[in-house]
Structure formats: structure tokens, C-alpha cells
Amino acid sequence: MIFEDGIVHLVREPAGTRIARGQIEWALLIALINGIENNTLAADPEKVRSVCQEKGFYDGTNFGKNFKSTNAAKLFQGVMEGQGTAQKLTPTGQDELAKLIKSLAATPA
Amino acid sequence: MKQPLLEKVEAFKKKLLLLKKQVSLVETKTISKVGIRNHADSIATMWVEELRSPLEHKAKLPGILIDETAEAMKRLHVLSRPNNLKKSYLSLINNVLKGFDDNFILPIKQSAAHVETIFDLQKFIPGLTDINESEYLKEAIECAESGHRRAAIVLGWCALIDKIQKKIIRMGLDDFNAASLKLKAQNSGKFKNWNKSFSISTLSELQTVFDTDLIVVLEGMELIDGNEAERLRTCFQYRNHSAHPSGAPIADPNLVAFFSDINLIILQNKKFNS
């Protein structure tokens with residue numbers, strides 16, 4: 001990860017995973033980026049949608065559903081839904097983010 | 001990317017203008033007509049599903065503009081529910097349309113033609129000559145676009161040799177033969193060791209001349225200079241590494257360098273187009 005001119009650039013990104021998992025991983029990373037840039041570990045669902053569309057992890061039909069699954073719902077303090085407000089990470093979400101960072105860091109460049 | 005995105009942005013603007021017109025014609029204080037509300041909803045959905053991501057990540061419009069428009073579209077989704085105020089619709093639409101062309105259309109139009117893939121050679125090398133000129137070049141570009149780098153280079157080299165041969169034919173084979181004799185006669189300097197001369201009378205015979213010899217005679221004919229000849233020899237190496245089994249890599253930068261060089265030195269060179 002590189003922090004330059006107030007903007008975070010990711011050196012490693014989620015790859016080779018299923019769409020639903022990729023969407024959640026991007027949501028966690030967007031919360032991290034927001035934490036560094038704006039001091040709040042929160043993800044805006046529409047920001048997540050936008051990135052997922054760009055990165056190929058977007059399933060329009062199941063976008064909202066993916067956030068509502070039992071495993072994903074416990075990562076955020078509120079409901080992550082289309083056109084909804086940004087949601088902060090729960091302690092479980094922060095743990096999951098830490099695991100994700102470790103896993104990305106261990107990925108060969 | 002540029003043109004399809006521009007078309008989408010224009011369509012988005014048209015939809016907003018139509019919504020403004022529809023809302024303005026309503027005489028009541030609130031909007032309840034299903035048709036208008038559905039239209040409003042479709043605009044907000046178009047932003048979410050089709051526009052925001054490419055504008056944010058490909059066109060790289062300012063974050064603040066994206067965030068403000070995203071908020072407006074979020075609000076439009078809410079407004080599209082029954083019986084919301086007409087003036088709320090109009091205020092929102094006017095805000096988004098204010099400076100729309102300067103905010104959205106102009107930056108996309110002024111942006112360089114972004115290269116979506118390194119294989120999009122025609123964008124990466126904007127001057128890459130008219131592909132209708134040579135079937136070889138057309139096929140080379142198609143190979144590059146499909147990621148077949150070695151095939152692209154081999155065909156690109158064919159396009160280059162084809163162009164050179166046509167130029168020599170136009171100039172006259174006597175000039176070619178004379179240049180080869182002149183080089184052979186040199187006892188000092190760069191060509192002192194050159195001991196070949198040609199007596200070519202047809203295109204068919206010209207096609208038997210080795211590519212490396214062709215480059216030497218081209219220099220002798222002053223169609224290219226010494227450095228250009230050296231660079232063409234490098235391109236010829238790429239061609240050979242592509243056409244024969246070899247461990248030498250042909251990666252994206254090699255491909256772009258190859259086409260950039262043959263394009264500037266031969267294909268776009270005025271001397272070869274007169």
C-alpha cells in the first residue's frame with residue numbers, strides 16, 4: 001500500500017477469488033482506505049459497488065444479498081445496502097481486514 | 001473507452017433534461033405519476049450501474065464531483081417514491097445539470113485516448129499508419145489485439161519489408177543495384193567490408209534479397225540513416241526471436257517498442273510514402 005498526496009494506492013489487490021468473496025474483500029479494503037484518508041474505518045456501499053464493477057467482482061443481482069449473508073453482515077455495524085449509508089467495521093470486521101491484509105501481503109508479487 | 005462513455009454521459013444528460021421537462025409540466029406540488037417516478041428511478045439506476053464506475057476509475061473525474069453526483073442520485077432514488085415535492089426534483093436536477101458539460105463531458109473529451117490494453121496498438125501508437133494500406137499490418141494489429149505478440153511482430157516485419165520493396169520498385173531497381181555497387185566499391189569507412197552487389201530486375205528477385213542486406217542498401221540509398229538502420233536491425237532481431245524457438249522474451253514493452261520503431265522509421269517516413 002502506498003499513501004501519496006492524501007490518496008491510498010493498493011499494491012496488492014484481491015484476485016482469483018469468487019465474486020461474492022471479492023466484493024466483501026473490497027468492502028474491507030475500502031474501509032481501510034477510508035480509515036487512512038478520513039480516519040473512519042467505514043465503507044460506502046456505492047463506493048464498493050463502483051470498485052467492484054471496475055475490478056470484475058460485481059454481481060448486480062446479488063450485490064445487496066452478498067452483504068446480508070451471516071458471515072458478511074457481522075463485519076459491519078449496520079446494514080450495507082445499495083444507496084445506503086457508509087457502515088463502520090465491527091471488531092470482527094477489523095479482524096477480518098487484518099487477515100485479508102496478511103493474506104494479500106503473503107501473495108507473491 | 002472514450003466514445004462509448006461519452007455516449008452514455010450524453011444519454012444521461014438527455015434523460016435528466018427530459019425528467020426536468022416532465023416534472024416542470026406537472027401542475028401539482030408533488031409528483032405522483034408513475035411514469036415520471038420510474039423515469040427518475042431509471043436515471044439514478046443508470047448512474048449506479050453504468051456511469052459512476054467508469055467515470056470514477058477510467059475517466060478519473062474528480063472525487064468530489066463523483067461523491068456529489070452519487071449523493072444526488074441517492075436522493076433521486078428516494079425522491080422517486082410517491083408524492084415527493086416537485087421543487088425538490090427540480091432543485092436536484094438543476095444542481096446536477098449545472099456545469100454538466102464542463103464537469104463531465106469536457107474532461108473526457110480532453111483526456112488522451114487511454115490505452116485499455118497494451119495490445120491496443122492503434123491507440124498506443126497514434127500514428128500507426130493506415131491499416132488498409134497493408135494486409136500484413138492489419139493482421140499484425142489483429143494479432144497484437146489478441147495478445148499474440150510473436151505473431152504480431154512477424155507480421156509487422158512483413159508489413160515493413162513490403163513497404164520497403166514497394167518503395168524500391170517505385171524508385172527503380174537500377175537505383176537499388178547502383179547503390180549496392182557503390183557500397184561494394186568503398187575501400188574505407190563503414191562499408192569497407194561490404195562485398196555484395198545486386199543485379200535485380202524484378203520484384204520477385206528483390207524478394208530474395210536478405211532483409212539485413214536490404215537494410216544496408218537502404219542506408220546506401222540514403223533512405224535511412226545509420227542509426228535508423230541500427231534500430232531496424234534490432235527490430236529484425238525481435239522478428240527472429242519471434243519466428244524461431246527461443247528463450248528471449250517478447251513482452252508487452254518489446255511489442256510496443258517494435259511497432260513504434262517500424263512505424264516511425266519506415267511506415268510513416270515521408271521518404272517511403274512518396
# chains A, B, ... in the order shown; residues from 1 in each chain; ligands from 1

$ interface_residues --of "chain A" --to "chain B" --cutoff "8 Å" --atoms "only C-alpha atoms" --output "list in words"
Glu46, Arg49, Ser50, Val51, Gln53, Glu54, Gly60 and Gln83 of chain A

$ residues_around --residues "range 228-239 of chain B" --least-positions-apart "5" --cutoff "10 Å" --atoms "only C-alpha atoms" --output "ChimeraX atom specification"
/B:150-158,160,211-212,214-219,223,244,248-250,254-255,257-259,261-262,264-266

$ residues_around --residues "Asn34 in chain A" --least-positions-apart "3" --cutoff "12 Å" --atoms "only C-alpha atoms" --output "number ranges by chain"
A: 3, 6-9, 26-31, 37-44, 47-48, 86-89

$ select_by_dssp --residues "range 14-243 of chain B" --states "strand (DSSP E)" --output "list in words"
Thr30, Ile31, Asn84 and Leu85 of chain B

$ residues_around --residues "Ile19 in chain A" --least-positions-apart "2" --cutoff "8 Å" --atoms "only C-alpha atoms" --output "number ranges by chain"
A: 17, 21-23, 56-59

$ write_last_selection --atoms "N, CA and C atoms" --output "short mmCIF file (atom, residue, chain, number, x, y, z; two decimals), in the first residue's frame"
data_model
loop_
_atom_site.label_atom_id
_atom_site.label_comp_id
_atom_site.auth_asym_id
_atom_site.auth_seq_id
_atom_site.Cartn_x
_atom_site.Cartn_y
_atom_site.Cartn_z
N THR A 17 -10.51 -14.81 -6.63
CA THR A 17 -11.48 -15.31 -5.67
C THR A 17 -12.88 -15.21 -6.27
N ARG A 21 -16.99 -13.21 -2.49
CA ARG A 21 -15.87 -13.01 -1.56
C ARG A 21 -15.07 -11.76 -1.97
N GLY A 22 -14.88 -11.59 -3.28
CA GLY A 22 -14.16 -10.41 -3.77
C GLY A 22 -14.87 -9.13 -3.37
N GLN A 23 -16.18 -9.15 -3.44
CA GLN A 23 -16.96 -7.96 -3.05
C GLN A 23 -16.72 -7.63 -1.57
N GLY A 56 -14.14 -6.26 -11.62
CA GLY A 56 -14.70 -7.52 -12.08
C GLY A 56 -15.26 -8.40 -10.97
N PHE A 57 -15.61 -7.77 -9.85
CA PHE A 57 -16.23 -8.54 -8.76
C PHE A 57 -17.67 -8.08 -8.53
N TYR A 58 -18.37 -7.79 -9.62
CA TYR A 58 -19.72 -7.25 -9.46
C TYR A 58 -20.77 -8.20 -9.98
N ASP A 59 -21.72 -8.50 -9.11
CA ASP A 59 -22.89 -9.28 -9.49
C ASP A 59 -24.09 -8.43 -9.08
#

$ closest_residue --among "A:Leu10, A:Ala106, A:Leu100, A:Ile24" --to "Lys74 in chain A" --atoms "only C-alpha atoms"
A:Ile24

$ select_by_dssp --residues "range 24-108 of chain B" --states "helix (DSSP H, G or I)" --output "compact mmCIF listing (two decimals) with N, CA and C atoms, in the first residue's frame"
# COMPACT_ATOMS: atom_id res chain seq x y z
N SER B 24 -41.54 19.73 -14.82
CA SER B 24 -41.97 21.12 -14.95
C SER B 24 -43.42 21.22 -15.42
N LEU B 25 -43.83 20.25 -16.25
CA LEU B 25 -45.20 20.29 -16.80
C LEU B 25 -46.27 19.88 -15.78
N VAL B 34 -46.65 7.68 -12.08
CA VAL B 34 -45.72 6.54 -12.08
C VAL B 34 -44.66 6.68 -13.17
N GLY B 35 -45.10 7.16 -14.34
CA GLY B 35 -44.17 7.29 -15.47
C GLY B 35 -42.99 8.19 -15.13
N ILE B 36 -43.28 9.31 -14.51
CA ILE B 36 -42.21 10.26 -14.16
C ILE B 36 -41.31 9.67 -13.08
N ARG B 37 -41.94 9.03 -12.10
CA ARG B 37 -41.15 8.47 -10.99
C ARG B 37 -40.25 7.32 -11.48
N ASN B 38 -40.81 6.54 -12.39
CA ASN B 38 -39.99 5.45 -12.96
C ASN B 38 -38.81 5.99 -13.76
N HIS B 39 -39.09 7.10 -14.46
CA HIS B 39 -38.02 7.72 -15.24
C HIS B 39 -36.92 8.23 -14.30
N ALA B 40 -37.33 8.84 -13.21
CA ALA B 40 -36.35 9.34 -12.22
C ALA B 40 -35.54 8.17 -11.65
N ASP B 41 -36.25 7.10 -11.35
CA ASP B 41 -35.57 5.92 -10.79
C ASP B 41 -34.57 5.35 -11.79
N SER B 42 -34.96 5.35 -13.08
CA SER B 42 -34.06 4.77 -14.10
C SER B 42 -32.80 5.63 -14.26
N ILE B 43 -32.91 6.93 -14.05
CA ILE B 43 -31.74 7.81 -14.15
C ILE B 43 -30.76 7.48 -13.01
N ALA B 44 -31.32 7.36 -11.80
CA ALA B 44 -30.47 7.06 -10.65
C ALA B 44 -29.81 5.69 -10.82
N THR B 45 -30.57 4.76 -11.36
CA THR B 45 -30.02 3.41 -11.57
C THR B 45 -28.95 3.42 -12.65
N MET B 46 -29.17 4.23 -13.68
CA MET B 46 -28.17 4.33 -14.76
C MET B 46 -26.83 4.83 -14.18
N TRP B 47 -26.93 5.79 -13.29
CA TRP B 47 -25.71 6.31 -12.65
C TRP B 47 -25.00 5.20 -11.88
N VAL B 48 -25.79 4.47 -11.10
CA VAL B 48 -25.21 3.43 -10.24
C VAL B 48 -24.63 2.28 -11.05
N GLU B 49 -25.39 1.83 -12.03
CA GLU B 49 -25.00 0.61 -12.75
C GLU B 49 -24.05 0.84 -13.92
N GLU B 50 -24.15 2.01 -14.56
CA GLU B 50 -23.40 2.18 -15.81
C GLU B 50 -22.39 3.31 -15.81
N LEU B 51 -22.63 4.33 -15.00
CA LEU B 51 -21.80 5.53 -15.16
C LEU B 51 -20.74 5.76 -14.09
N ARG B 52 -21.14 5.59 -12.84
CA ARG B 52 -20.22 6.01 -11.78
C ARG B 52 -18.85 5.33 -11.90
N SER B 53 -18.87 4.01 -12.03
CA SER B 53 -17.60 3.28 -12.02
C SER B 53 -16.64 3.72 -13.14
N PRO B 54 -17.10 3.76 -14.42
CA PRO B 54 -16.15 4.21 -15.44
C PRO B 54 -15.73 5.66 -15.29
N LEU B 55 -16.65 6.51 -14.80
CA LEU B 55 -16.27 7.92 -14.62
C LEU B 55 -15.25 8.06 -13.49
N GLU B 56 -15.42 7.21 -12.47
CA GLU B 56 -14.53 7.29 -11.31
C GLU B 56 -13.17 6.64 -11.59
N HIS B 57 -13.20 5.47 -12.21
CA HIS B 57 -11.96 4.69 -12.33
C HIS B 57 -11.29 4.78 -13.69
N LYS B 58 -12.07 4.99 -14.74
CA LYS B 58 -11.44 5.06 -16.06
C LYS B 58 -11.21 6.52 -16.46
N GLY B 63 -12.90 13.25 -7.43
CA GLY B 63 -13.66 12.51 -6.41
C GLY B 63 -14.83 13.29 -5.87
N ILE B 64 -14.63 14.60 -5.71
CA ILE B 64 -15.70 15.42 -5.12
C ILE B 64 -16.91 15.48 -6.05
N LEU B 65 -16.66 15.53 -7.36
CA LEU B 65 -17.75 15.55 -8.33
C LEU B 65 -18.50 14.21 -8.30
N ILE B 66 -17.73 13.13 -8.22
CA ILE B 66 -18.35 11.79 -8.16
C ILE B 66 -19.19 11.67 -6.90
N ASP B 67 -18.62 12.09 -5.76
CA ASP B 67 -19.34 11.97 -4.49
C ASP B 67 -20.61 12.82 -4.49
N GLU B 68 -20.51 14.03 -5.00
CA GLU B 68 -21.69 14.92 -5.02
C GLU B 68 -22.78 14.36 -5.93
N THR B 69 -22.37 13.87 -7.09
CA THR B 69 -23.37 13.31 -8.01
C THR B 69 -23.96 12.02 -7.44
N ALA B 70 -23.11 11.23 -6.78
CA ALA B 70 -23.61 9.98 -6.16
C ALA B 70 -24.64 10.31 -5.10
N GLU B 71 -24.38 11.34 -4.31
CA GLU B 71 -25.35 11.76 -3.28
C GLU B 71 -26.65 12.21 -3.93
N ALA B 72 -26.51 12.98 -5.04
CA ALA B 72 -27.72 13.47 -5.74
C ALA B 72 -28.53 12.29 -6.27
N MET B 73 -27.86 11.30 -6.80
CA MET B 73 -28.57 10.14 -7.36
C MET B 73 -29.20 9.29 -6.25
N LYS B 74 -28.54 9.25 -5.11
CA LYS B 74 -29.10 8.55 -3.95
C LYS B 74 -30.42 9.24 -3.57
N ARG B 75 -30.38 10.57 -3.60
CA ARG B 75 -31.56 11.35 -3.24
C ARG B 75 -32.65 11.19 -4.30
N LEU B 76 -32.23 11.08 -5.56
CA LEU B 76 -33.22 10.92 -6.64
C LEU B 76 -33.94 9.57 -6.49
N HIS B 77 -33.20 8.56 -6.06
CA HIS B 77 -33.84 7.26 -5.79
C HIS B 77 -34.93 7.42 -4.73
N VAL B 78 -34.61 8.20 -3.71
CA VAL B 78 -35.60 8.42 -2.64
C VAL B 78 -36.77 9.25 -3.16
N LEU B 79 -36.42 10.28 -3.93
CA LEU B 79 -37.49 11.16 -4.46
C LEU B 79 -38.45 10.41 -5.36
N LYS B 86 -42.33 18.56 -6.11
CA LYS B 86 -41.85 18.91 -7.45
C LYS B 86 -40.60 19.79 -7.36
N LYS B 87 -40.61 20.73 -6.40
CA LYS B 87 -39.47 21.65 -6.30
C LYS B 87 -38.20 20.91 -5.85
N SER B 88 -38.37 19.80 -5.11
CA SER B 88 -37.18 19.02 -4.72
C SER B 88 -36.56 18.36 -5.95
N TYR B 89 -37.43 17.84 -6.82
CA TYR B 89 -36.94 17.25 -8.07
C TYR B 89 -36.17 18.30 -8.87
N LEU B 90 -36.82 19.45 -9.06
CA LEU B 90 -36.22 20.48 -9.93
C LEU B 90 -34.90 20.99 -9.38
N SER B 91 -34.87 21.16 -8.06
CA SER B 91 -33.63 21.65 -7.44
C SER B 91 -32.50 20.64 -7.67
N LEU B 92 -32.82 19.37 -7.47
CA LEU B 92 -31.80 18.32 -7.65
C LEU B 92 -31.33 18.25 -9.11
N ILE B 93 -32.29 18.25 -10.02
CA ILE B 93 -31.92 18.13 -11.45
C ILE B 93 -31.06 19.33 -11.86
N ASN B 94 -31.49 20.52 -11.45
CA ASN B 94 -30.73 21.73 -11.82
C ASN B 94 -29.31 21.69 -11.26
N ASN B 95 -29.17 21.18 -10.05
CA ASN B 95 -27.82 21.08 -9.46
C ASN B 95 -26.92 20.16 -10.28
N VAL B 96 -27.48 19.02 -10.70
CA VAL B 96 -26.66 18.07 -11.47
C VAL B 96 -26.35 18.64 -12.86
N LEU B 97 -27.34 19.32 -13.45
CA LEU B 97 -27.13 19.84 -14.81
C LEU B 97 -26.26 21.08 -14.84
N PHE B 100 -22.81 20.87 -16.35
CA PHE B 100 -22.69 19.45 -16.68
C PHE B 100 -21.62 19.19 -17.74
N ASP B 101 -21.69 19.97 -18.82
CA ASP B 101 -20.74 19.73 -19.93
C ASP B 101 -19.30 19.96 -19.47
N ASP B 102 -19.10 21.04 -18.68
CA ASP B 102 -17.73 21.33 -18.20
C ASP B 102 -17.25 20.27 -17.22
N ASN B 103 -18.20 19.78 -16.39
CA ASN B 103 -17.81 18.82 -15.35
C ASN B 103 -17.59 17.41 -15.89
N PHE B 104 -18.47 17.01 -16.80
CA PHE B 104 -18.43 15.60 -17.22
C PHE B 104 -17.89 15.40 -18.65
N ILE B 105 -18.43 16.19 -19.58
CA ILE B 105 -18.11 15.90 -20.98
C ILE B 105 -16.72 16.41 -21.39
N LEU B 106 -16.44 17.65 -21.02
CA LEU B 106 -15.16 18.24 -21.41
C LEU B 106 -13.94 17.43 -20.94
N PRO B 107 -13.90 17.05 -19.65
CA PRO B 107 -12.71 16.29 -19.22
C PRO B 107 -12.52 14.99 -19.98
N ILE B 108 -13.63 14.34 -20.35
CA ILE B 108 -13.49 13.08 -21.09
C ILE B 108 -12.98 13.38 -22.49

$ residues_around --residues "range 162-175 of chain B" --least-positions-apart "2" --cutoff "8 Å" --atoms "only C-alpha atoms" --output "compact mmCIF listing (two decimals) with N, CA and C atoms, in the first residue's frame"
# COMPACT_ATOMS: atom_id res chain seq x y z
N CYS B 158 6.78 -8.20 -41.85
CA CYS B 158 6.34 -8.40 -43.24
C CYS B 158 5.82 -7.09 -43.81
N ALA B 159 5.04 -6.36 -43.00
CA ALA B 159 4.47 -5.09 -43.46
C ALA B 159 5.59 -4.11 -43.79
N LEU B 160 6.63 -4.12 -42.94
CA LEU B 160 7.77 -3.21 -43.15
C LEU B 160 8.52 -3.55 -44.44
N ASN B 177 20.32 -1.31 -57.48
CA ASN B 177 21.52 -2.01 -57.93
C ASN B 177 22.74 -1.10 -57.85
N ALA B 178 22.54 0.16 -58.29
CA ALA B 178 23.65 1.11 -58.30
C ALA B 178 24.14 1.38 -56.87
N ALA B 179 23.21 1.50 -55.95
CA ALA B 179 23.59 1.77 -54.56
C ALA B 179 24.40 0.61 -54.00
N ILE B 200 19.34 -6.79 -59.78
CA ILE B 200 17.94 -7.19 -59.66
C ILE B 200 17.13 -6.58 -60.79
N SER B 201 16.22 -7.37 -61.36
CA SER B 201 15.41 -6.81 -62.44
C SER B 201 13.91 -6.96 -62.21
N THR B 202 13.53 -7.74 -61.22
CA THR B 202 12.08 -7.91 -60.95
C THR B 202 11.83 -7.89 -59.44
N LEU B 203 10.56 -7.68 -59.10
CA LEU B 203 10.16 -7.72 -57.69
C LEU B 203 10.46 -9.09 -57.09
N LEU B 206 13.91 -9.21 -56.12
CA LEU B 206 14.13 -8.34 -54.95
C LEU B 206 13.72 -9.06 -53.66
N GLN B 207 12.68 -9.89 -53.80
CA GLN B 207 12.18 -10.61 -52.63
C GLN B 207 13.17 -11.66 -52.12
N MET B 221 21.24 4.05 -50.13
CA MET B 221 20.36 4.87 -50.97
C MET B 221 19.93 6.15 -50.24
N ILE B 266 9.97 3.63 -40.88
CA ILE B 266 9.58 3.26 -42.25
C ILE B 266 8.13 3.61 -42.60
N LEU B 267 7.19 3.06 -41.85
CA LEU B 267 5.79 3.15 -42.29
C LEU B 267 5.31 4.58 -42.42
N PHE B 272 9.31 7.09 -47.61
CA PHE B 272 8.74 5.81 -48.06
C PHE B 272 7.28 5.97 -48.51
N ASN B 273 6.78 7.17 -48.39
CA ASN B 273 5.38 7.40 -48.78
C ASN B 273 5.28 8.34 -49.98

$ closest_residue --among "B:Lys190, B:Lys2, B:Lys13, B:His241" --to "Lys98 in chain B" --atoms "only C-alpha atoms"
B:Lys13

$ closest_residue --among "A:Lys55, A:Leu32, A:Pro14, A:Gly64" --to "Gly93 in chain A" --atoms "only C-alpha atoms"
A:Leu32

$ atom_distance --atom1 "CA of Lys184 in chain B" --atom2 "CA of Gly226 in chain B"
16.7 Å
